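**Q** Structure file model-v7.cif, mmCIF, C-alpha atoms; chains and numbers go by the auth columns, is pasted below:
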data_model
loop_
_atom_site.group_PDB
_atom_site.id
_atom_site.type_symbol
_atom_site.label_atom_id
_atom_site.label_comp_id
_atom_site.label_asym_id
_atom_site.label_seq_id
_atom_site.Cartn_x
_atom_site.Cartn_y
_atom_site.Cartn_z
_atom_site.B_iso_or_equiv
_atom_site.auth_seq_id
_atom_site.auth_asym_id
ATOM 1 C CA MET A 1 15.047 -172.617 174.196 0.00 1 A
ATOM 2 C CA ARG A 2 12.014 -170.340 174.136 0.00 2 A
ATOM 3 C CA LEU A 3 12.578 -166.679 173.270 0.00 3 A
ATOM 4 C CA LYS A 4 11.338 -164.092 175.717 0.00 4 A
ATOM 5 C CA ARG A 5 8.460 -162.120 174.268 0.00 5 A
ATOM 6 C CA GLU A 6 10.545 -158.918 174.055 0.00 6 A
ATOM 7 C CA ASP A 7 13.065 -160.786 171.863 0.00 7 A
ATOM 8 C CA GLU A 8 10.513 -161.841 169.237 0.00 8 A
ATOM 9 C CA TYR A 9 9.978 -159.920 165.995 0.00 9 A
ATOM 10 C CA TYR A 10 7.150 -159.928 163.474 0.00 10 A
ATOM 11 C CA LEU A 11 6.716 -158.578 159.972 0.00 11 A
ATOM 12 C CA VAL A 12 3.431 -156.659 159.932 0.00 12 A
ATOM 13 C CA LYS A 13 1.714 -154.662 157.173 0.00 13 A
ATOM 14 C CA ALA A 14 1.719 -150.942 157.906 0.00 14 A
ATOM 15 C CA ALA A 15 -2.024 -150.754 157.212 0.00 15 A
ATOM 16 C CA VAL A 16 -2.844 -152.714 160.384 0.00 16 A
ATOM 17 C CA LEU A 17 -0.467 -150.883 162.740 0.00 17 A
ATOM 18 C CA PRO A 18 -1.818 -148.409 165.286 0.00 18 A
ATOM 19 C CA ASP A 19 -1.286 -144.763 164.254 0.00 19 A
ATOM 20 C CA VAL A 20 1.340 -144.205 166.932 0.00 20 A
ATOM 21 C CA PHE A 21 3.778 -146.552 165.146 0.00 21 A
ATOM 22 C CA LEU A 22 3.157 -144.953 161.771 0.00 22 A
ATOM 23 C CA LYS A 23 3.767 -141.514 163.278 0.00 23 A
ATOM 24 C CA VAL A 24 7.001 -142.718 164.903 0.00 24 A
ATOM 25 C CA MET A 25 8.163 -143.867 161.454 0.00 25 A
ATOM 26 C CA GLN A 26 7.114 -140.516 159.986 0.00 26 A
ATOM 27 C CA VAL A 27 9.228 -138.723 162.612 0.00 27 A
ATOM 28 C CA LYS A 28 12.216 -140.980 161.867 0.00 28 A
ATOM 29 C CA ARG A 29 11.913 -140.280 158.125 0.00 29 A
ATOM 30 C CA MET A 30 11.704 -136.520 158.711 0.00 30 A
ATOM 31 C CA LEU A 31 14.801 -136.610 160.926 0.00 31 A
ATOM 32 C CA ASN A 32 16.784 -138.818 158.535 0.00 32 A
ATOM 33 C CA SER A 33 15.893 -136.766 155.463 0.00 33 A
ATOM 34 C CA GLY A 34 16.574 -133.432 157.127 0.00 34 A
ATOM 35 C CA GLU A 35 12.961 -132.342 156.625 0.00 35 A
ATOM 36 C CA ALA A 36 12.875 -131.684 160.383 0.00 36 A
ATOM 37 C CA GLN A 37 15.893 -130.340 162.236 0.00 37 A
ATOM 38 C CA SER A 38 14.933 -131.617 165.703 0.00 38 A
ATOM 39 C CA VAL A 39 12.804 -134.224 167.423 0.00 39 A
ATOM 40 C CA ASN A 40 10.582 -131.432 168.722 0.00 40 A
ATOM 41 C CA ALA A 41 9.909 -130.121 165.218 0.00 41 A
ATOM 42 C CA ALA A 42 9.328 -133.602 163.803 0.00 42 A
ATOM 43 C CA VAL A 43 6.888 -134.760 166.488 0.00 43 A
ATOM 44 C CA ARG A 44 4.992 -131.484 166.194 0.00 44 A
ATOM 45 C CA GLN A 45 4.633 -131.962 162.409 0.00 45 A
ATOM 46 C CA ALA A 46 3.610 -135.618 162.824 0.00 46 A
ATOM 47 C CA GLY A 47 1.093 -134.880 165.580 0.00 47 A
ATOM 48 C CA LEU A 48 2.863 -137.141 168.081 0.00 48 A
ATOM 49 C CA SER A 49 3.999 -136.547 171.645 0.00 49 A
ATOM 50 C CA ARG A 50 7.716 -136.618 172.436 0.00 50 A
ATOM 51 C CA SER A 51 7.118 -139.280 175.082 0.00 51 A
ATOM 52 C CA ALA A 52 5.370 -141.585 172.584 0.00 52 A
ATOM 53 C CA TYR A 53 8.215 -141.105 170.120 0.00 53 A
ATOM 54 C CA TYR A 54 10.868 -141.964 172.698 0.00 54 A
ATOM 55 C CA LYS A 55 8.813 -144.884 174.022 0.00 55 A
ATOM 56 C CA TYR A 56 8.477 -146.570 170.598 0.00 56 A
ATOM 57 C CA ARG A 57 11.423 -145.337 168.514 0.00 57 A
ATOM 58 C CA ASP A 58 13.508 -148.456 169.166 0.00 58 A
ATOM 59 C CA ALA A 59 10.559 -150.819 168.746 0.00 59 A
ATOM 60 C CA ILE A 60 9.827 -150.115 165.085 0.00 60 A
ATOM 61 C CA ARG A 61 12.000 -149.750 162.017 0.00 61 A
ATOM 62 C CA PRO A 62 11.549 -150.143 158.276 0.00 62 A
ATOM 63 C CA PHE A 63 11.968 -153.611 156.815 0.00 63 A
ATOM 64 C CA TYR A 64 14.923 -152.402 154.763 0.00 64 A
ATOM 65 C CA GLU A 65 16.840 -151.415 157.874 0.00 65 A
ATOM 66 C CA THR A 66 16.568 -154.942 159.278 0.00 66 A
ATOM 67 C CA ALA A 67 18.272 -156.323 156.178 0.00 67 A
ATOM 68 C CA GLU A 68 21.305 -154.019 156.357 0.00 68 A
ATOM 69 C CA GLY A 69 24.471 -155.972 157.133 0.00 69 A
ATOM 70 C CA HIS A 70 22.910 -159.208 155.971 0.00 70 A
ATOM 71 C CA VAL A 71 22.492 -161.330 152.891 0.00 71 A
ATOM 72 C CA ILE A 72 19.395 -160.489 150.896 0.00 72 A
ATOM 73 C CA THR A 73 17.921 -162.034 147.786 0.00 73 A
ATOM 74 C CA MET A 74 16.223 -159.776 145.287 0.00 74 A
ATOM 75 C CA VAL A 75 14.090 -160.847 142.373 0.00 75 A
ATOM 76 C CA PHE A 76 13.624 -158.788 139.216 0.00 76 A
ATOM 77 C CA VAL A 77 11.438 -158.951 136.134 0.00 77 A
ATOM 78 C CA ILE A 78 13.363 -157.260 133.337 0.00 78 A
ATOM 79 C CA GLU A 79 12.923 -156.610 129.658 0.00 79 A
ATOM 80 C CA ASN A 80 15.262 -158.661 127.508 0.00 80 A
ATOM 81 C CA PHE A 81 17.629 -156.251 125.777 0.00 81 A
ATOM 82 C CA PRO A 82 21.428 -155.934 125.753 0.00 82 A
ATOM 83 C CA GLY A 83 22.968 -154.135 128.709 0.00 83 A
ATOM 84 C CA ILE A 84 20.153 -154.261 131.243 0.00 84 A
ATOM 85 C CA LEU A 85 21.902 -156.757 133.527 0.00 85 A
ATOM 86 C CA ALA A 86 25.061 -154.661 133.237 0.00 86 A
ATOM 87 C CA GLY A 87 23.048 -151.625 134.350 0.00 87 A
ATOM 88 C CA ILE A 88 21.764 -153.494 137.404 0.00 88 A
ATOM 89 C CA SER A 89 25.277 -154.723 138.203 0.00 89 A
ATOM 90 C CA GLN A 90 26.662 -151.193 137.850 0.00 90 A
ATOM 91 C CA CYS A 91 24.014 -149.834 140.216 0.00 91 A
ATOM 92 C CA LEU A 92 24.889 -152.506 142.788 0.00 92 A
ATOM 93 C CA ALA A 93 28.612 -151.792 142.378 0.00 93 A
ATOM 94 C CA GLU A 94 28.059 -148.048 142.883 0.00 94 A
ATOM 95 C CA ALA A 95 26.272 -148.868 146.160 0.00 95 A
ATOM 96 C CA SER A 96 29.168 -151.178 147.165 0.00 96 A
ATOM 97 C CA ALA A 97 26.837 -154.162 147.481 0.00 97 A
ATOM 98 C CA ASN A 98 28.741 -157.437 147.502 0.00 98 A
ATOM 99 C CA VAL A 99 27.039 -159.603 144.854 0.00 99 A
ATOM 100 C CA LEU A 100 27.163 -163.288 145.759 0.00 100 A
ATOM 101 C CA THR A 101 25.048 -164.885 143.020 0.00 101 A
ATOM 102 C CA ILE A 102 23.183 -163.864 139.872 0.00 102 A
ATOM 103 C CA ASN A 103 20.726 -166.221 138.215 0.00 103 A
ATOM 104 C CA GLN A 104 18.808 -165.301 135.067 0.00 104 A
ATOM 105 C CA GLY A 105 16.031 -167.357 133.557 0.00 105 A
ATOM 106 C CA ILE A 106 15.549 -167.805 129.835 0.00 106 A
ATOM 107 C CA PRO A 107 13.524 -164.865 128.455 0.00 107 A
ATOM 108 C CA ILE A 108 9.893 -165.607 127.634 0.00 108 A
ATOM 109 C CA ASN A 109 7.876 -163.021 125.689 0.00 109 A
ATOM 110 C CA SER A 110 10.848 -160.643 125.934 0.00 110 A
ATOM 111 C CA LEU A 111 10.845 -160.746 129.740 0.00 111 A
ATOM 112 C CA ALA A 112 13.329 -162.474 132.027 0.00 112 A
ATOM 113 C CA ASP A 113 13.423 -163.248 135.732 0.00 113 A
ATOM 114 C CA VAL A 114 16.670 -162.436 137.527 0.00 114 A
ATOM 115 C CA THR A 115 17.534 -163.390 141.092 0.00 115 A
ATOM 116 C CA ILE A 116 20.466 -161.685 142.800 0.00 116 A
ATOM 117 C CA SER A 117 21.817 -162.508 146.254 0.00 117 A
ATOM 118 C CA MET A 118 24.052 -159.923 147.866 0.00 118 A
ATOM 119 C CA GLU A 119 25.660 -159.000 151.134 0.00 119 A
ATOM 120 C CA THR A 120 24.688 -155.502 152.271 0.00 120 A
ATOM 121 C CA ARG A 121 27.165 -154.858 155.108 0.00 121 A
ATOM 122 C CA SER A 122 29.568 -152.681 153.087 0.00 122 A
ATOM 123 C CA MET A 123 26.912 -150.688 151.220 0.00 123 A
ATOM 124 C CA ASN A 124 27.393 -146.920 151.113 0.00 124 A
ATOM 125 C CA CYS A 125 23.659 -146.121 150.971 0.00 125 A
ATOM 126 C CA PRO A 126 20.524 -147.368 152.721 0.00 126 A
ATOM 127 C CA LEU A 127 18.867 -150.390 151.147 0.00 127 A
ATOM 128 C CA GLU A 128 15.683 -148.372 150.592 0.00 128 A
ATOM 129 C CA GLU A 129 17.663 -145.904 148.440 0.00 129 A
ATOM 130 C CA LEU A 130 19.260 -148.737 146.461 0.00 130 A
ATOM 131 C CA MET A 131 15.797 -150.185 145.777 0.00 131 A
ATOM 132 C CA SER A 132 14.698 -146.801 144.463 0.00 132 A
ATOM 133 C CA ARG A 133 17.748 -146.524 142.191 0.00 133 A
ATOM 134 C CA LEU A 134 17.202 -150.034 140.822 0.00 134 A
ATOM 135 C CA GLY A 135 13.570 -149.228 140.055 0.00 135 A
ATOM 136 C CA ARG A 136 14.638 -146.286 137.881 0.00 136 A
ATOM 137 C CA ILE A 137 16.786 -148.438 135.570 0.00 137 A
ATOM 138 C CA ASN A 138 15.301 -148.574 132.090 0.00 138 A
ATOM 139 C CA GLY A 139 13.928 -152.080 131.530 0.00 139 A
ATOM 140 C CA VAL A 140 13.447 -153.035 135.196 0.00 140 A
ATOM 141 C CA LEU A 141 9.722 -153.702 135.306 0.00 141 A
ATOM 142 C CA GLN A 142 9.502 -155.150 138.819 0.00 142 A
ATOM 143 C CA HIS A 143 11.884 -155.735 141.689 0.00 143 A
ATOM 144 C CA ARG A 144 11.489 -156.732 145.315 0.00 144 A
ATOM 145 C CA ILE A 145 13.312 -158.318 148.190 0.00 145 A
ATOM 146 C CA LEU A 146 12.492 -161.992 148.261 0.00 146 A
ATOM 147 C CA ALA A 147 14.368 -163.019 151.402 0.00 147 A
ATOM 148 C CA GLY A 148 16.939 -161.900 153.897 0.00 148 A
ATOM 149 C CA GLY A 149 19.082 -163.492 156.556 0.00 149 A
ATOM 150 C CA SER A 150 22.188 -162.907 158.570 0.00 150 A
ATOM 151 C CA LEU A 151 25.687 -164.006 157.700 0.00 151 A
ATOM 152 C CA GLY A 152 27.092 -167.085 159.365 0.00 152 A
#
Let's see the structure in the file written out as structure tokens.

**A**
Amino acid sequence: MRLKREDEYYLVKAAVLPDVFLKVMQVKRMLNSGEAQSVNAAVRQAGLSRSAYYKYRDAIRPFYETAEGHVITMVFVIENFPGILAGISQCLAEASANVLTINQGIPINSLADVTISMETRSMNCPLEELMSRLGRINGVLQHRILAGGSLG
């Protein structure tokens, strides 16, 4: 079965998107963060028309939002010292992420790779916020989402 064009999705780098999409995302961020109290105020600050915002608001969303309610796999590069994995686990627990698997490689040159798969449906914060929290943990040198998919 061939998907209709309007049912297809693509992952595209922000740098190649037309300005209108970037401004729509800017408006969404201002509304979500409380920086702007209304759509009118947000579109004015972003330099976007209300009609363009309403036309495209449902057509674009951050990558993190598409992973919410799904299984994601994150990969970390961490320093090898006692308690760092516990700190990551605690951060995930505080966000109510449901950890499915944790795999840690043998440390080489005091660095270890860790892969964690988790279900995000019950999380109490946006995935973007969780990523920010994880990045502030002492000893987490790198972290990113490797893959995502839906449950069953």

**Q** Here is a test: counting all atoms listed in the file, which residue of A:Asn32, A:Ser110, A:Asn98, A:Ser117 is nearest to Val77 of chain A?

**A**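 Between A:Asn32, A:Ser110, A:Asn98, A:Ser117, the residue approaching Val77 of chain A most closely is A:Ser110.
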
**Q** Please report the interatomic distance between atom CA of Met30 of chain A and atom CA of Met74 of chain A in Å with one decimal.

**A**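 Between atom CA of Met30 of chain A and atom CA of Met74 of chain A the gap works out to 27.2 Å.
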
**Q** Using all atoms listed in the file, which protein or nucleic acid residues come within 12 Å of Ile108 of chain A? Drop anything in the same chain fewer than 2 positions from it, and give the result as a PyMOL selection string.

**A** chain A and resi 77-80+104-106+110-113

**Q** Tell me, as a list in words, which residues lie within 9 Å of segment 84-94 of chain A, counting only C-alpha atoms; anything in the same chain fewer than 5 positions away does not count.

**A**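 Near neighbours after the sequence-gap exclusion: Ile78, Glu79, Val99, Val114, Met123, Asn124, Leu130, Arg133, Leu134, Ile137, Asn138, Gly139 and Val140 of chain A.
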
**Q** Kindly provide, as lines of an AutoDock Vina configuration file, the centre and edge lengths (Å, one decimal) of an axis-aligned box around all atoms of segment 48-61 of chain A given in the file, with 4 Å on each side.

**A**
center_x = 8.2
center_y = -143.7
center_z = 168.5
size_x = 18.6
size_y = 22.3
size_z = 21.1

**Q** Enter the distance from atom CA of Ala97 of chain A to atom CA of Glu119 of chain A, in Å, rounded to one decimal.

**A**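 Distance between the two atoms: 6.2 Å.
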
**Q** Might you spell out which residues the PyMOL selection byres ((chain A and resi 14) around 12) would select in the displayed file, as an MDAnalysis selection string?

**A** chainID A and resid 10:13 15:23 25:26 60:63

**Q** Rounded to one decimal in Å, what is the spacing between atom CA of Tyr56 of chain A and atom CA of Val39 of chain A?

**A**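 Atom CA of Tyr56 of chain A sits 13.5 Å away from atom CA of Val39 of chain A.
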
**Q** Expand the PyMOL selection byres ((chain A and resi 146) around 9) into the individual residues it matches in the shown file, reporting them as a list in words.

**A** Ile72, Thr73, Met74, Val75, Thr115, Arg144, Ile145, Ala147 and Gly148 of chain A
